[in-house]
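**Q** Got a structure for you, written out below as structure tokens; questions coming shortly.
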Amino acid sequence: MESTAQGPDVRRIERLAVEMALTFNWISLYQPGHPSLAGRVEKFHRNLAEVVNEEPSGHLLLGVAKDKILYQNVFLGYGNSLVRSFTSELFLQQVATLDFSPEVTPRELLVFFLSLQRLRVEKTGGKLDEILKGEGVRGIGLYPYNYKEVLSRKIIHPGGDVPSSNREDELWRMILTENASSGDGGVGLPGDLPIPPEMIPAILRRVNAAAGKGNRQEAGSEPVPDAMSPEMIRRVLARLGDALHRLPVEQKSAVIQSLDSGVVDALVGADGDGGLADADIVRSLTGADSDHEFLDLLATLLAAEGKSENRIRRIFEVIATERNRDGSLLPAVQGRVRESVRTKNYYAQKAWETIERLLLRRSEAAYIGQDHSHLLERLSIHEPSTGGTAEGRPQADPAVTAEFEEENLHLKGAGVLLELLAEEKAEGEFLELLEEVRKIIPNLISRRELPLLKTVLSTLTAVHRNAPDSRKPGIEGVVGEMDFAHLIDLYLSPAVSKLEKGRIEEIIVSFVGVSIGGFLDRLLMETDPGNRKTLLSLAFRFDAEAVPAIRGKLDDPHWYFVRNLCIVLGRIGDPSVVPDLVRLLGHQDLRVRKEAVLALGQLRAPESIPFLGKILFHETLLQSDREESLRIDAANAIFRCGSTRGIALLHRGTECNRKKVREHCAALLGTLGAEK
Amino acid sequence: MTRDTLFQVVSDLALAIQGASTYPENHPRVQELLVRLHHRVQSGAELLHGLNIGFFHDHIVVDEVPFVGPNPTLTRLIERMREKGIEKILISEGITHGELKRFVYFLAEGTGSPSKQPRESVVYGRIEGAESAGNASL
């Protein structure tokens, strides 16, 4: 039996757990009232009552971790099959914690065991705690798992820290104890409770006000009621900063802006002497943010602010300057400026350039002496042409605003990206832009932005055509990664409109050199005859670019697939495939041979005439109708190929043993005579 | 969402991963499973404003609803997740078919990382805080 921290108390609980599991086992085996059960529950009750009375809280709490029990911080009963079986039953009933109180009676224990057994056997789907309540059980409490809290926790990428070997125990402990503590030793501290985002502004205002009062107290004023100690403020801010850190940047920005009103309130009574406290608050709240997160927040604040004398904004300027003391923030800002230039996001570019200028010329001393609001106001002023959202301001023309909607900007951004890619001369920049293009392609298919997808592919093809050899593999890689399987799936989907299908068809046909692989795979795998027919119709539009890939599949073991390929090759009409089709005239399956004959006829390839002649004159004693039909098809193909040799062969065909073949050759020659 | 609907989400996820690792990418079975999974995941994420799936020891929890009964399909899914160190998946509203497909193939083949894609709607990994629960007690 496993126990990670054995002690006398733990061993006693372990024995009790085994006894409980054993009692349940006996109750499961015998009918109620059986002599073997006599006195078992009573004995267990006596031992349980002793343990419960010794518990400091007066309650014995046992956590159920599927196949083991958690007592305090120790897992018990893992190696005992009876305990495992008992706890598994509790787990299936979703009992996370068993709570035995001193009021528990032998009758209640019996009801508990019997109810659990009944649920196991009858599988009625009832709830154990409701059954116990219905039976008037007061001494046993059952608590369910609270997955909501556990699942609402943040995610750490698997590539991060290496998980410990007892990760399973850690998870169980978290699930079973999440309501009791946060796990860092601070059991029951209010600071460990999660802070709902909606409460953050209210708490901040309270802290802000308290900080202002504290400052006045320190300055020698009279004691102020409701003042918080600096230590308490520091702790609250640390917790708030942590809670804020988890929020999206827009929400974070809104919370910090909400400080503005609180600051003003606090300052009214403080003769404008509250600046330091405000800066400290903001500094604490953003302390956990990385430089990039901080910049995002700053940019959002700048973009969101109206034309006002905004203290928060200026506080951010100071903090930004502080953060840039070692010069780490400026390169990040410059990187964003470059990124904005590349994507032609002029608004973002303007914002980042402003921040860059701010960092380059600003010092804290300058902040104290100068007012930079003009600089920032420039960003906040809405252009008359774009209208405004505030009340009383004119609304922009919907046609204009539509141009700035996210989707439109996304489309235009992609267009600009392609333009830059096509014109880029520097190798490094080119590869960077190419990577950006690679990233947008999968979403273009998912979002069915088909015209843009076609443009992207056209641009890439054009760039590839004129690119130096060093760039070609990169471009080919990007195009090769495209998910044509998904595109073909959309093409076959009944949910896709006719217009979109037409666009998809254009893409598949126009870029058949890259789409052919996915197409052939689907043609092979497709089980629905209707879909196969649709795919074949699509393939009839392919050109010679598709031939190498098709040729590579001609040895596929599936006859029907090879037959379909012969049909496609015949329709493409590329004479280079004649040798391959001639080879297929010897295919073991007659259906493939037939399509190869027909394809050669479509290609009108004179070099195939001798091979077609072999089929025409292939006489056997007991020839089937299908074989006869193949010979007639060969005669047709020879006729289509023409040439003197072909006509000579048809003349020979009129002397065949099989009447139908003979007559068909004669009819073909007759047609020839009539034409002359 | 009903318990059955949530079960179908994880069940389809398991089947899609299984299909993606067994059949070629263009096999209609894979396409069919992905389309069905995408439909279910998308509607689930929209209804619940994000779909949370947790993988704990030998059971799965979808949006607070646990699936604890023995099920070979889910057992294989849990094993796969454990191998990849995934304890929680968060799927956001508006997930596209492409994103879901990439994630399924990532799980099936272990190639690439979908989180590196732009606008990715799937976040996955281990659950924060479990390691610090080492000394927590009832």
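Please note that chains go A, B, ... in the order of the structure tokens, that every chain numbers its residues from 1, and that ligands are numbered from 1 in the order shown.
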Do a neighbour search on stretch 5-20 of chain B at 8 Å with only C-alpha atoms, toss out local chain neighbours closer than 5 positions, and write the hits as a count of residues only.

**A** 21

**Q** Show me, as a VMD selection string, the residues of chain B whose atoms get within 9 Å of chain A, using only C-alpha atoms for the distance check.

**A** chain B and resid 24 to 28 31 52 to 54 56 to 58 61 63 to 66 68 to 69 84 to 90 96 to 99 117 to 119 123 to 138

**Q** Figure out the distance between atom CA of A:Lys454 and atom CA of A:Ile508, please, to one decimal in Å.

**A**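 Going from atom CA of A:Ile508 over to atom CA of A:Lys454, I get 9.5 Å.
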
**Q** Which residue is closest to A:Met199? Choose from A:Leu76, A:Ala320, A:Leu421, A:Ala243 and count only C-alpha atoms.

**A** A:Ala243

**Q** What is the distance, in Å and to one decimal place, between atom CA of A:Cys656 and atom CA of A:Val578?

**A**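 Rounded to one decimal, the two atoms are 26.5 Å apart.
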
**Q** From the set B:Thr75, B:Thr2, B:Ser121, B:Gln42, which residue has the shortest atom-to-atom contact distance to B:Phe55, counting only C-alpha atoms?

**A**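 Smallest separation from B:Phe55 among the options: B:Thr75.
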
**Q** Among the residues of stretch 58-156 of chain A, find those DSSP assigns to strand (DSSP E or B) from the backbone and print them as a count of residues only.

**A** 24

**Q** Please list as a list of chain:residue names every residue within 12 Å of A:Asn25, counting only C-alpha atoms and excluding residues in the same chain fewer than 6 positions away.

**A**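 The residues that qualify are A:Val18, A:Glu19, A:Gln31, A:Ser36, A:Leu37, A:Arg40, A:Val41, A:Ser81, A:Leu82, A:Val83, A:Arg84, A:Ser85, A:Phe86, A:Thr87, A:Glu89, A:Phe113, A:Leu114, A:Leu116, A:Gln117.
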
**Q** Would you mind writing down, as an MDAnalysis selection string, each residue of stretch 4-102 of chain B that DSSP on the backbone assigns to helix (DSSP H, G or I)?

**A** chainID B and resid 4:22 28:48 72:84 97:102
